[in-house]
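*Asks:* Next comes target.cif, mmCIF, C-alpha atoms:
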```cif
data_final
#
loop_
_atom_site.label_atom_id
_atom_site.label_comp_id
_atom_site.auth_asym_id
_atom_site.auth_seq_id
_atom_site.Cartn_x
_atom_site.Cartn_y
_atom_site.Cartn_z
CA MET A 1 -22.72 -2.78 9.78
CA GLY A 2 -23.01 -1.71 6.13
CA ARG A 3 -19.76 -3.50 5.30
CA VAL A 4 -19.63 -6.11 2.59
CA GLN A 5 -17.84 -9.36 3.33
CA THR A 6 -14.11 -8.83 2.88
CA LYS A 7 -11.23 -11.22 2.51
CA GLY A 8 -9.18 -11.66 5.66
CA TRP A 9 -5.47 -11.18 6.13
CA PRO A 10 -3.03 -14.08 6.57
CA GLY A 11 -2.10 -15.04 10.10
CA ALA A 12 -0.87 -17.90 12.20
CA ALA A 13 -4.08 -19.89 11.72
CA ALA A 14 -3.98 -19.56 7.94
CA ALA A 15 -0.33 -20.53 7.89
CA ALA A 16 -0.63 -23.68 9.99
CA ILE A 17 -0.87 -25.99 6.98
CA ALA A 18 2.08 -24.37 5.24
CA VAL A 19 4.67 -27.05 5.91
CA SER A 20 2.77 -29.77 4.07
CA LEU A 21 1.90 -27.35 1.27
CA LEU A 22 5.49 -26.33 0.82
CA ALA A 23 6.57 -29.96 0.77
CA GLY A 24 4.18 -30.47 -2.14
CA CYS A 25 5.23 -27.27 -3.91
CA GLY A 26 8.98 -27.31 -3.60
CA GLY A 27 9.72 -30.99 -3.17
CA GLY A 28 10.65 -33.67 -5.65
CA GLY A 29 7.39 -33.50 -7.60
CA GLU A 30 8.39 -30.52 -9.72
CA GLU A 31 11.65 -28.76 -10.34
CA SER A 32 11.38 -25.04 -9.63
CA SER A 33 12.84 -24.38 -13.05
CA GLY A 34 10.38 -26.65 -14.89
CA THR A 35 8.37 -25.32 -17.78
CA ALA A 36 4.61 -25.16 -17.82
CA ALA A 37 3.30 -28.15 -19.72
CA GLY A 38 5.66 -27.26 -22.55
CA THR A 39 8.23 -29.20 -24.49
CA GLY A 40 11.24 -27.12 -23.44
CA SER A 41 13.57 -25.18 -25.69
CA GLN A 42 15.97 -26.94 -28.03
CA ALA A 43 19.45 -27.69 -26.70
CA GLY A 44 21.74 -24.72 -27.09
CA GLU A 45 18.95 -22.36 -28.09
CA LYS A 46 19.48 -18.95 -26.47
CA VAL A 47 16.32 -17.18 -25.37
CA LYS A 48 16.21 -13.43 -24.71
CA LEU A 49 13.77 -11.79 -22.27
CA SER A 50 13.41 -8.26 -20.95
CA LEU A 51 12.44 -7.78 -17.29
CA TRP A 52 11.40 -4.53 -15.60
CA HIS A 53 11.24 -4.26 -11.81
CA ASN A 54 11.39 -1.63 -9.05
CA PHE A 55 13.42 -3.51 -6.42
CA THR A 56 16.13 -0.87 -6.38
CA GLY A 57 16.18 0.09 -2.69
CA ASP A 58 18.29 -0.97 0.27
CA ASP A 59 15.38 -2.60 2.11
CA LEU A 60 15.54 -6.32 2.85
CA ARG A 61 12.86 -7.26 0.36
CA ALA A 62 14.57 -5.46 -2.54
CA ARG A 63 17.86 -7.17 -1.68
CA THR A 64 16.10 -10.55 -1.52
CA MET A 65 14.43 -10.12 -4.91
CA ARG A 66 17.66 -9.00 -6.57
CA GLY A 67 19.29 -12.11 -5.11
CA ILE A 68 16.57 -14.30 -6.64
CA MET A 69 17.12 -12.66 -10.03
CA ASP A 70 20.90 -13.19 -9.81
CA LYS A 71 20.39 -16.86 -8.93
CA PHE A 72 17.99 -17.28 -11.84
CA LYS A 73 20.55 -15.87 -14.25
CA ALA A 74 23.24 -18.19 -12.87
CA ASP A 75 20.94 -21.23 -13.02
CA HIS A 76 19.72 -20.47 -16.55
CA PRO A 77 22.62 -19.58 -18.85
CA GLU A 78 20.34 -20.44 -21.77
CA ILE A 79 18.12 -17.43 -20.89
CA GLU A 80 19.56 -13.98 -21.52
CA LEU A 81 17.84 -11.44 -19.26
CA ASP A 82 17.82 -7.75 -20.13
CA VAL A 83 16.97 -6.30 -16.71
CA GLN A 84 15.78 -2.72 -16.22
CA SER A 85 15.88 -1.61 -12.56
CA ILE A 86 13.68 1.46 -12.12
CA PRO A 87 13.28 3.31 -8.77
CA PRO A 88 9.77 2.96 -7.29
CA ASP A 89 8.83 6.66 -7.55
CA GLY A 90 9.29 6.66 -11.34
CA TYR A 91 8.31 3.07 -12.13
CA ARG A 92 4.58 3.46 -12.79
CA ALA A 93 5.10 6.49 -15.03
CA ARG A 94 7.75 4.68 -17.13
CA LEU A 95 5.52 1.62 -17.49
CA LYS A 96 2.48 3.69 -18.49
CA THR A 97 4.57 5.52 -21.09
CA VAL A 98 5.66 2.33 -22.87
CA ALA A 99 2.15 0.90 -22.50
CA ALA A 100 0.73 3.94 -24.30
CA ALA A 101 3.11 3.18 -27.18
CA GLY A 102 2.18 -0.53 -27.13
CA GLU A 103 5.80 -1.52 -26.38
CA MET A 104 5.69 -3.54 -23.17
CA PRO A 105 8.70 -5.30 -21.62
CA ASP A 106 8.41 -9.09 -21.84
CA VAL A 107 7.99 -9.54 -18.06
CA PHE A 108 7.31 -6.65 -15.68
CA MET A 109 6.11 -5.72 -12.20
CA MET A 110 2.40 -4.90 -12.36
CA TRP A 111 -0.21 -3.74 -9.85
CA PRO A 112 -3.50 -5.60 -9.35
CA GLY A 113 -6.82 -3.88 -9.94
CA VAL A 114 -6.89 -0.81 -12.16
CA MET A 115 -3.48 -1.29 -13.83
CA THR A 116 -4.17 -4.93 -14.69
CA ARG A 117 -7.61 -4.04 -16.07
CA GLU A 118 -6.26 -1.15 -18.15
CA PHE A 119 -3.37 -3.18 -19.60
CA ALA A 120 -5.60 -6.17 -20.36
CA GLY A 121 -8.18 -3.83 -21.89
CA GLY A 122 -5.45 -2.44 -24.13
CA ASP A 123 -4.62 -5.98 -25.33
CA LEU A 124 -1.09 -5.71 -23.87
CA LEU A 125 -1.16 -8.76 -21.58
CA GLN A 126 -1.58 -12.51 -21.77
CA PRO A 127 -2.94 -14.65 -18.93
CA ILE A 128 -0.71 -17.05 -16.97
CA ASP A 129 -3.33 -19.76 -16.42
CA GLY A 130 -1.12 -22.30 -18.23
CA LEU A 131 1.66 -21.78 -15.69
CA LEU A 132 -0.69 -21.86 -12.70
CA GLU A 133 -2.48 -25.01 -13.86
CA SER A 134 0.83 -26.80 -14.47
CA LYS A 135 1.82 -26.14 -10.84
CA ALA A 136 -1.43 -26.76 -9.00
CA ASP A 137 0.20 -27.08 -5.56
CA TRP A 138 1.63 -23.60 -5.97
CA LYS A 139 -1.67 -22.13 -7.18
CA ASN A 140 -3.57 -23.75 -4.29
CA GLY A 141 -1.07 -22.40 -1.75
CA PHE A 142 -2.32 -18.83 -2.13
CA LEU A 143 -4.77 -17.36 0.38
CA PRO A 144 -8.45 -17.00 -0.61
CA GLY A 145 -9.04 -13.99 -2.84
CA SER A 146 -5.38 -13.63 -3.82
CA PHE A 147 -6.08 -13.73 -7.56
CA ASP A 148 -9.28 -11.66 -7.54
CA ASP A 149 -7.74 -8.36 -8.62
CA PHE A 150 -5.54 -10.06 -11.23
CA THR A 151 -8.54 -11.88 -12.78
CA ILE A 152 -10.49 -10.56 -15.76
CA ASP A 153 -13.27 -12.54 -17.46
CA GLY A 154 -12.18 -15.68 -15.63
CA ARG A 155 -8.54 -15.52 -16.73
CA ILE A 156 -5.68 -14.85 -14.32
CA TYR A 157 -2.96 -12.41 -15.41
CA SER A 158 -0.51 -12.60 -12.48
CA ALA A 159 0.28 -14.12 -9.10
CA PRO A 160 0.84 -11.78 -6.13
CA MET A 161 4.38 -11.53 -4.80
CA GLY A 162 3.39 -9.84 -1.55
CA LEU A 163 0.55 -8.43 0.50
CA SER A 164 0.15 -4.74 1.31
CA PRO A 165 -1.90 -3.46 4.19
CA THR A 166 -1.80 0.29 3.60
CA SER A 167 -3.15 1.82 6.82
CA ILE A 168 -1.16 0.50 9.78
CA LEU A 169 -0.92 2.92 12.70
CA TYR A 170 2.69 2.61 13.89
CA TYR A 171 3.46 4.05 17.31
CA ASN A 172 6.51 4.55 19.51
CA ARG A 173 5.89 2.73 22.79
CA THR A 174 8.76 4.53 24.52
CA LEU A 175 7.15 7.92 23.85
CA PHE A 176 3.69 6.60 24.75
CA ASP A 177 5.02 5.26 28.07
CA LYS A 178 6.91 8.49 28.79
CA TYR A 179 3.69 10.51 28.59
CA GLY A 180 1.43 7.82 30.10
CA VAL A 181 -0.83 7.36 27.08
CA GLN A 182 -2.34 4.38 25.25
CA PRO A 183 -2.99 3.62 21.54
CA PRO A 184 -6.23 5.29 20.40
CA LYS A 185 -9.45 3.29 20.28
CA THR A 186 -11.75 6.19 19.33
CA TRP A 187 -11.45 9.39 17.30
CA ASP A 188 -11.52 11.45 20.50
CA ASP A 189 -8.65 9.33 21.85
CA LEU A 190 -6.61 10.20 18.76
CA LEU A 191 -7.30 13.93 19.06
CA ALA A 192 -6.35 13.77 22.76
CA LEU A 193 -3.04 12.10 21.82
CA VAL A 194 -2.35 14.85 19.28
CA ASP A 195 -2.92 17.43 22.01
CA THR A 196 -0.68 15.63 24.52
CA PHE A 197 2.25 15.23 22.16
CA LYS A 198 1.95 18.79 20.81
CA LYS A 199 2.07 20.18 24.36
CA ASN A 200 5.29 18.23 24.88
CA LYS A 201 6.79 19.45 21.59
CA VAL A 202 6.70 15.99 19.94
CA THR A 203 5.28 15.67 16.41
CA PRO A 204 2.15 13.54 16.92
CA ILE A 205 2.02 11.89 13.46
CA ALA A 206 4.78 11.94 10.85
CA LEU A 207 3.42 12.46 7.33
CA GLY A 208 5.36 12.37 4.04
CA ASN A 209 2.81 13.32 1.40
CA LYS A 210 5.13 14.76 -1.26
CA ALA A 211 4.12 12.10 -3.79
CA ALA A 212 0.46 12.77 -2.83
CA TRP A 213 -0.67 9.12 -2.80
CA LEU A 214 0.15 8.51 0.87
CA ALA A 215 -2.70 10.46 2.48
CA GLN A 216 -5.10 8.67 0.14
CA SER A 217 -3.74 5.14 0.39
CA SER A 218 -2.70 5.05 4.04
CA ILE A 219 -5.12 7.42 5.78
CA LEU A 220 -8.26 8.15 3.77
CA SER A 221 -8.83 4.61 2.47
CA SER A 222 -9.20 3.28 6.00
CA LEU A 223 -10.63 6.40 7.65
CA ALA A 224 -13.35 6.76 5.01
CA ASP A 225 -14.24 3.08 5.34
CA ARG A 226 -14.74 3.64 9.08
CA VAL A 227 -17.29 6.33 8.23
CA THR A 228 -19.08 4.99 5.13
CA GLY A 229 -18.58 1.24 5.23
CA THR A 230 -17.16 -0.74 2.31
CA GLU A 231 -20.46 -1.27 0.52
CA TRP A 232 -20.96 2.47 0.07
CA PHE A 233 -17.45 2.90 -1.40
CA LEU A 234 -17.88 0.09 -3.92
CA LYS A 235 -21.17 1.65 -5.06
CA ALA A 236 -19.58 5.09 -5.34
CA ALA A 237 -16.63 3.68 -7.30
CA ALA A 238 -19.12 2.07 -9.70
CA GLN A 239 -21.28 5.24 -9.65
CA ASP A 240 -24.21 2.95 -8.91
CA GLY A 241 -26.32 4.15 -5.99
CA ALA A 242 -23.74 6.34 -4.24
CA LYS A 243 -21.76 9.50 -5.01
CA PHE A 244 -18.63 11.07 -3.57
CA THR A 245 -20.69 14.15 -2.80
CA ASP A 246 -22.81 12.11 -0.35
CA PRO A 247 -22.73 13.47 3.24
CA GLU A 248 -20.87 10.45 4.67
CA PHE A 249 -17.89 10.91 2.35
CA VAL A 250 -17.80 14.65 2.96
CA GLN A 251 -17.73 13.76 6.67
CA ALA A 252 -14.74 11.45 6.12
CA LEU A 253 -12.87 14.29 4.42
CA ALA A 254 -13.82 16.57 7.32
CA TYR A 255 -12.30 14.11 9.82
CA LEU A 256 -9.01 14.10 7.90
CA GLN A 257 -9.01 17.89 7.77
CA GLN A 258 -9.80 18.03 11.50
CA LEU A 259 -6.72 15.92 12.17
CA GLY A 260 -4.59 18.33 10.16
CA GLN A 261 -6.11 21.42 11.80
CA ALA A 262 -5.44 19.92 15.25
CA GLY A 263 -1.73 19.98 14.38
CA ALA A 264 -1.31 16.22 14.04
CA PHE A 265 1.30 16.48 11.28
CA GLN A 266 4.65 18.25 11.18
CA ASP A 267 5.11 21.46 9.19
CA GLY A 268 5.99 20.78 5.55
CA PHE A 269 4.28 17.38 5.35
CA ASN A 270 3.67 17.89 1.62
CA SER A 271 7.39 18.43 0.98
CA ILE A 272 8.88 15.20 2.39
CA ASP A 273 8.41 11.74 0.92
CA ASN A 274 7.42 8.38 2.33
CA THR A 275 11.02 7.31 3.04
CA GLN A 276 11.83 10.54 4.89
CA MET A 277 8.65 10.09 6.93
CA GLU A 278 9.73 6.58 7.94
CA GLN A 279 13.17 7.89 8.93
CA MET A 280 11.56 10.61 11.01
CA PHE A 281 9.47 8.05 12.89
CA ALA A 282 12.37 5.63 13.32
CA GLN A 283 14.51 8.37 14.83
CA GLY A 284 11.88 9.03 17.52
CA LYS A 285 10.99 12.46 16.13
CA ALA A 286 7.28 11.55 15.89
CA ALA A 287 5.08 9.50 18.18
CA MET A 288 3.12 7.86 15.33
CA MET A 289 2.93 7.38 11.58
CA ILE A 290 0.20 5.91 9.38
CA ASP A 291 1.90 3.84 6.71
CA GLY A 292 1.72 0.59 4.78
CA GLY A 293 3.25 -2.82 5.30
CA TRP A 294 6.06 -1.78 2.93
CA ALA A 295 7.55 0.21 5.83
CA LEU A 296 8.30 -3.02 7.71
CA THR A 297 11.07 -4.19 5.40
CA SER A 298 12.56 -0.69 5.16
CA LEU A 299 12.56 -0.23 8.95
CA ALA A 300 14.07 -3.71 9.44
CA ALA A 301 16.97 -2.72 7.17
CA ASN A 302 17.57 0.79 8.48
CA ALA A 303 16.45 1.09 12.13
CA SER A 304 18.35 -0.22 15.14
CA LYS A 305 17.07 -3.26 17.04
CA GLU A 306 16.40 -0.97 20.01
CA ALA A 307 14.31 1.36 17.86
CA LEU A 308 12.41 -1.56 16.28
CA ASP A 309 11.68 -3.13 19.67
CA ALA A 310 10.18 0.20 20.82
CA MET A 311 7.72 0.28 17.90
CA ASP A 312 4.25 -1.26 17.89
CA VAL A 313 1.29 -1.39 15.52
CA THR A 314 -2.48 -1.09 15.63
CA VAL A 315 -5.41 -0.05 13.41
CA LEU A 316 -6.93 3.40 13.00
CA PRO A 317 -9.51 4.24 15.67
CA SER A 318 -13.26 4.03 15.28
CA VAL A 319 -15.33 7.11 14.44
CA PRO A 320 -18.66 8.22 15.99
CA GLY A 321 -21.59 6.48 14.30
CA GLY A 322 -19.37 4.90 11.67
CA LYS A 323 -20.85 2.25 9.37
CA GLY A 324 -17.55 0.44 8.72
CA ASP A 325 -15.78 -2.25 10.72
CA PRO A 326 -13.19 -0.53 12.93
CA ASN A 327 -11.28 -3.80 13.29
CA SER A 328 -9.88 -3.61 9.77
CA LEU A 329 -6.99 -2.41 7.61
CA SER A 330 -7.24 -1.16 4.05
CA GLY A 331 -5.02 -3.18 1.77
CA VAL A 332 -4.41 -5.04 -1.46
CA VAL A 333 -2.53 -8.09 -2.60
CA GLY A 334 0.88 -6.98 -3.75
CA THR A 335 2.32 -6.51 -7.19
CA GLY A 336 2.87 -9.46 -9.49
CA LEU A 337 4.68 -10.11 -12.75
CA GLY A 338 2.80 -9.34 -15.93
CA LEU A 339 3.55 -11.12 -19.21
CA SER A 340 3.46 -9.24 -22.53
CA LYS A 341 1.00 -10.45 -25.16
CA LYS A 342 3.91 -10.65 -27.63
CA VAL A 343 5.89 -13.36 -25.79
CA GLU A 344 5.42 -16.76 -27.47
CA GLY A 345 6.93 -20.24 -27.87
CA ALA A 346 10.27 -20.90 -26.16
CA ARG A 347 10.33 -17.32 -24.87
CA ARG A 348 7.00 -17.88 -23.11
CA GLU A 349 8.35 -21.04 -21.46
CA ALA A 350 11.40 -19.09 -20.28
CA ALA A 351 9.13 -16.31 -18.98
CA TYR A 352 7.07 -18.90 -17.06
CA GLN A 353 10.26 -20.15 -15.42
CA LEU A 354 11.22 -16.59 -14.44
CA ILE A 355 7.76 -15.81 -13.03
CA TYR A 356 7.82 -19.03 -11.01
CA ALA A 357 11.31 -18.33 -9.68
CA MET A 358 10.25 -14.86 -8.49
CA SER A 359 6.81 -15.74 -7.09
CA GLY A 360 6.87 -19.50 -6.40
CA PRO A 361 6.88 -21.09 -2.93
CA GLU A 362 10.59 -20.59 -2.26
CA ALA A 363 10.38 -16.93 -3.28
CA GLN A 364 7.29 -16.43 -1.09
CA LYS A 365 9.14 -17.85 1.94
CA ALA A 366 12.20 -15.69 1.25
CA THR A 367 9.94 -12.65 0.83
CA LEU A 368 8.23 -13.27 4.17
CA GLU A 369 11.61 -13.62 5.88
CA SER A 370 12.64 -10.28 4.36
CA ASN A 371 9.94 -8.66 6.56
CA GLN A 372 7.38 -8.39 3.76
CA LEU A 373 3.88 -9.84 4.19
CA VAL A 374 2.75 -12.34 1.55
CA SER A 375 -0.60 -13.64 0.30
CA TYR A 376 0.63 -17.21 0.51
CA LYS A 377 0.35 -19.95 3.14
CA VAL A 378 3.82 -20.11 4.62
CA GLU A 379 4.81 -20.51 8.27
CA LEU A 380 6.63 -17.52 9.74
CA ASP A 381 9.83 -18.25 11.65
CA LYS A 382 9.78 -15.22 13.96
CA SER A 383 13.49 -15.63 14.68
CA LYS A 384 14.13 -14.59 11.06
CA VAL A 385 12.29 -11.24 11.21
CA SER A 386 12.18 -8.07 13.30
CA SER A 387 10.03 -7.90 16.43
CA LEU A 388 7.99 -5.18 14.70
CA PHE A 389 7.29 -7.40 11.69
CA ALA A 390 6.15 -10.22 13.98
CA LYS A 391 3.67 -7.81 15.63
CA ALA A 392 2.35 -6.65 12.26
CA TYR A 393 2.05 -10.25 11.06
CA ASP A 394 -0.06 -11.07 14.12
CA LEU A 395 -2.18 -7.92 13.67
CA THR A 396 -3.05 -8.75 10.06
CA GLY A 397 -4.16 -12.19 11.21
CA ARG A 398 -6.77 -10.63 13.50
CA VAL A 399 -8.41 -8.01 11.28
CA ALA A 400 -10.48 -7.74 8.10
CA ARG A 401 -9.28 -6.23 4.82
CA THR A 402 -11.04 -3.30 3.14
CA PRO A 403 -10.36 -1.72 -0.28
CA VAL A 404 -7.73 0.90 -1.04
CA TYR A 405 -9.16 3.86 -2.95
CA ASP A 406 -6.62 3.87 -5.78
CA SER A 407 -7.08 0.14 -6.39
CA ARG A 408 -10.77 0.69 -7.23
CA LEU A 409 -10.95 4.15 -8.75
CA SER A 410 -9.76 4.95 -12.26
CA SER A 411 -6.20 6.26 -12.56
CA ALA A 412 -7.55 9.72 -13.43
CA ALA A 413 -9.91 9.83 -10.42
CA ALA A 414 -7.21 8.53 -8.07
CA ASP A 415 -4.97 11.44 -9.15
CA VAL A 416 -7.81 13.84 -8.34
CA VAL A 417 -8.17 12.28 -4.88
CA ASN A 418 -4.42 12.52 -4.24
CA ASN A 419 -4.20 16.17 -5.27
CA GLY A 420 -7.47 16.96 -3.54
CA LEU A 421 -6.21 15.64 -0.22
CA GLN A 422 -3.11 17.84 -0.46
CA GLU A 423 -5.47 20.80 -0.98
CA LEU A 424 -7.76 19.63 1.83
CA LEU A 425 -4.88 19.52 4.31
CA MET A 426 -3.91 23.02 3.21
CA GLY A 427 -7.41 24.35 3.94
CA ALA A 428 -9.69 23.56 0.96
CA LYS A 429 -13.34 22.87 1.78
CA PRO A 430 -14.28 19.16 2.07
CA GLU A 431 -17.36 19.77 -0.12
CA ASP A 432 -15.24 21.25 -2.92
CA VAL A 433 -12.77 18.34 -2.83
CA ALA A 434 -15.64 15.84 -2.82
CA LYS A 435 -17.20 17.52 -5.88
CA LYS A 436 -13.95 17.20 -7.89
CA ILE A 437 -13.60 13.52 -6.97
CA GLN A 438 -17.22 12.80 -7.91
CA GLU A 439 -16.85 14.53 -11.29
CA ALA A 440 -13.62 12.64 -12.09
CA GLN A 441 -14.97 9.20 -11.25
CA ALA A 442 -18.31 9.82 -13.00
CA LYS A 443 -16.43 10.84 -16.14
CA SER A 444 -14.19 7.74 -15.92
CA VAL A 445 -17.13 5.33 -15.80
CA GLY A 446 -19.12 7.26 -18.41
CA LYS A 447 -21.84 8.63 -16.16
#
```
Now that the file is in, can you turn its structure into structure tokens?

*Replies:*
Amino acid sequence: MGRVQTKGWPGAAAAAIAVSLLAGCGGGGEESSGTAAGTGSQAGEKVKLSLWHNFTGDDLRARTMRGIMDKFKADHPEIELDVQSIPPDGYRARLKTVAAAGEMPDVFMMWPGVMTREFAGGDLLQPIDGLLESKADWKNGFLPGSFDDFTIDGRIYSAPMGLSPTSILYYNRTLFDKYGVQPPKTWDDLLALVDTFKKNKVTPIALGNKAAWLAQSSILSSLADRVTGTEWFLKAAAQDGAKFTDPEFVQALAYLQQLGQAGAFQDGFNSIDNTQMEQMFAQGKAAMMIDGGWALTSLAANASKEALDAMDVTVLPSVPGGKGDPNSLSGVVGTGLGLSKKVEGARREAAYQLIYAMSGPEAQKATLESNQLVSYKVELDKSKVSSLFAKAYDLTGRVARTPVYDSRLSSAAADVVNNGLQELLMGAKPEDVAKKIQEAQAKSVGK
């Protein structure tokens, strides 16, 4: 198939042993506030820590995480937290700005892959192996591959707090039933659906590409994998035996452009954001949207039960002659908490306690019940989540995981992809966009 072996998603089978694991993690063996193999701070000693996060929204997960932070502050009066809450759209830019000045917060939300590598390469981070080793039951409760993109030279720099499939095809079953159509299995099926919905004056696919990353992360990452296979992409990212000017990648860009030219997306798709796109879909103004798992917690908070029950999920369709596995979703383990290199002694022990409180077993369970997928073995009580989340949870248990472009490319090259896809959907030639991407990634890896 031309696809390298990929790590699977969590599902019911992977979660079956969760109850015994959780008993070992959260039971009497270790207090959740325990320090990592340390001596503890002296009585009465006040420790100060700064914490940056982006859980500012009204979605269930953001509310849950803010609740965990509030409980931590109440349970630990000896730790003074200076919390900076930064909206998601501006968070990465703020973090990169302080990183460039070498002034990191003590504890902060951090992405796996490129960001972790760049921060570690800049000597801004310290590993959290001491914490993980002191709580072996917790460490062993993560799904296989969970630490891969947080690991550099054998040292682990964070623990994932979630799991993010990026390319789920959400569809409105009520609209599909009304027009007598089925979810697409092939590329031709998808184009036929676009035609049907356009004829009936329904937007086929809602798209909110204002921030430019969405078309890359949610559509191209999975669509291109269908065409090229994962092995080709990893070689192209490394600039070792493949280039983004290769015919198969140009073909992937051509498929995306074909979708746009067929009228799949509403007018002005580059002027609305991800949240507005999700609202458009939830209100029944579009038959489909291609979005990440992050939409599940937002929809659960903001859509009616009737609207949620009418939604369903699947994967993107196969493409003619594709080398990739069509039974897959692009995705990454979620963000985790990074720890500044400058945090030492009693402050490090306090930081370990904070990291454990926000990403330990109890936090993972609460996160799952907030309609957010996790990379941790925990049983899902479907009565606690939306019907849509339960469907997505089952879907991720049945499919393989493939890479997301911006988790493998350099930051500079990912920006070129994002901007290039905006241009592509406005009529730029696939070959010209491919050439820009190839030049940017070659420059980033020094080739």

*Asks:* From the options A:Gly420, A:Gly338, A:Pro317, A:Gly324, which residue's atoms come nearest to A:Gln182, counting all atoms listed in the file?

*Replies:* A:Pro317

*Asks:* Where does the PyMOL selection byres ((chain A and resi 156) around 10) land in this file, that is, which residues does it pick, as a list of chain:residue names?

*Replies:*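 That expression, the PyMOL selection byres ((chain A and resi 156) around 10), corresponds here to A:Gln126, A:Pro127, A:Ile128, A:Asp129, A:Gly130, A:Leu132, A:Phe147, A:Asp148, A:Asp149, A:Phe150, A:Thr151, A:Ile152, A:Asp153, A:Gly154, A:Arg155, A:Tyr157, A:Ser158, A:Ala159.
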
*Asks:* May I have the protein, DNA and RNA residues with an atom at most 12 Å from (13.1, -14.3, -22.5), counting only C-alpha atoms in the file's coordinates, returned as an MDAnalysis selection string?

*Replies:* chainID A and resid 41 45:51 73 76:83 105:108 339:340 342:355

*Asks:* Evaluating the PyMOL selection byres ((chain A and resi 374) around 10) on the displayed file yields which residues, as number ranges by chain?

*Replies:* A: 9-10, 142-143, 146, 160-164, 333-334, 364-365, 367-369, 371-373, 375-378, 393

*Asks:* In Å to one decimal, how far is atom CA of A:Tyr171 from atom CA of A:Tyr91?

*Replies:* 29.9 Å

*Asks:* For A:Ser383, which of A:Gln283, A:Pro183, A:Met426, A:Ser370 is the closest residue, counting all atoms listed in the file?

*Replies:*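 Closest to A:Ser383, using all atoms listed in the file: A:Ser370.
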
*Asks:* Evaluated on this file, the PyMOL selection byres ((chain A and resi 92) around 12) picks out some residues - which ones are they, written as a list of chain:residue names?

*Replies:*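 So the PyMOL selection byres ((chain A and resi 92) around 12) ends up selecting A:Trp52, A:His53, A:Asn54, A:Ile86, A:Pro87, A:Pro88, A:Asp89, A:Gly90, A:Tyr91, A:Ala93, A:Arg94, A:Leu95, A:Lys96, A:Thr97, A:Val98, A:Ala99, A:Phe108, A:Met109, A:Met110, A:Trp111, A:Met115, A:Thr335, A:Ser411.
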
*Asks:* Near stretch 210-219 of chain A, within 7 Å and counting only C-alpha atoms, which residues show up once chain neighbours fewer than 2 positions away are dropped, as a PyMOL selection string?

*Replies:* chain A and resi 166-167+208+221-223+270-273+290-292+404-406+417-419+421-422

*Asks:* Write to file, as a PDB file, in the frame of the given file, the residues of the selection just made, with C-alpha atoms.

*Replies:*
```pdb
ATOM      1  CA  THR A 166      -1.800   0.290   3.600  1.00  0.00           C
ATOM      2  CA  SER A 167      -3.150   1.820   6.820  1.00  0.00           C
ATOM      3  CA  GLY A 208       5.360  12.370   4.040  1.00  0.00           C
ATOM      4  CA  SER A 221      -8.830   4.610   2.470  1.00  0.00           C
ATOM      5  CA  SER A 222      -9.200   3.280   6.000  1.00  0.00           C
ATOM      6  CA  LEU A 223     -10.630   6.400   7.650  1.00  0.00           C
ATOM      7  CA  ASN A 270       3.670  17.890   1.620  1.00  0.00           C
ATOM      8  CA  SER A 271       7.390  18.430   0.980  1.00  0.00           C
ATOM      9  CA  ILE A 272       8.880  15.200   2.390  1.00  0.00           C
ATOM     10  CA  ASP A 273       8.410  11.740   0.920  1.00  0.00           C
ATOM     11  CA  ILE A 290       0.200   5.910   9.380  1.00  0.00           C
ATOM     12  CA  ASP A 291       1.900   3.840   6.710  1.00  0.00           C
ATOM     13  CA  GLY A 292       1.720   0.590   4.780  1.00  0.00           C
ATOM     14  CA  VAL A 404      -7.730   0.900  -1.040  1.00  0.00           C
ATOM     15  CA  TYR A 405      -9.160   3.860  -2.950  1.00  0.00           C
ATOM     16  CA  ASP A 406      -6.620   3.870  -5.780  1.00  0.00           C
ATOM     17  CA  VAL A 417      -8.170  12.280  -4.880  1.00  0.00           C
ATOM     18  CA  ASN A 418      -4.420  12.520  -4.240  1.00  0.00           C
ATOM     19  CA  ASN A 419      -4.200  16.170  -5.270  1.00  0.00           C
ATOM     20  CA  LEU A 421      -6.210  15.640  -0.220  1.00  0.00           C
ATOM     21  CA  GLN A 422      -3.110  17.840  -0.460  1.00  0.00           C
TER      22      GLN A 422
END
```

*Asks:* Interatomic distance between atom CA of A:Asp267 and atom CA of A:Ala206?

*Replies:* 9.7 Å

*Asks:* Considering all atoms listed in the file, state which residue in the set A:Ile205, A:Val332, A:Met288, A:Met311 is at the smallest distance from A:Pro403.

*Replies:* A:Val332

*Asks:* Quick check, in Å to one decimal: how far apart do atom CA of A:Leu60 and atom CA of A:Gly293 lie?

*Replies:* 13.0 Å

*Asks:* Looking at A:Asp58, A:Asp246, A:Asp312, A:Glu379, which one is nearest to A:Phe176, with distances taken over only C-alpha atoms?

*Replies:* A:Asp312

*Asks:* Between A:Ser134, A:Thr56, A:Thr196, A:Gln257, which has the minimum distance to A:Tyr356 (counting all atoms listed in the file)?

*Replies:*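 Closest to A:Tyr356, using all atoms listed in the file: A:Ser134.
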
*Asks:* How big is the axis-aligned box, and where does its centre sit, when it encloses all atoms of stretch 388-396 of chain A listed in the file and has 4 Å added on every side, reported in Å to one decimal as lines of an AutoDock Vina configuration file?

*Replies:*
```
center_x = 2.5
center_y = -8.1
center_z = 12.8
size_x = 19.0
size_y = 13.9
size_z = 13.6
```

*Asks:* Please build the interface table for stretch 202-245 of chain A against stretch 190-195 of chain A with a cut-off of 10 Å, listing for each qualifying residue the nearest atom pair and the distance in Å to one decimal; count all atoms listed in the file, order rows by chain and increasing number, and write it as a Markdown table.

*Replies:*
```
| residue | atom | partner | partner_atom | distance |
| --- | --- | --- | --- | --- |
| A:Val202 | CA | A:Val194 | CA | 9.1 |
| A:Thr203 | CA | A:Val194 | CA | 8.2 |
| A:Pro204 | CA | A:Val194 | CA | 5.2 |
| A:Ile205 | CA | A:Val194 | CA | 7.9 |
```
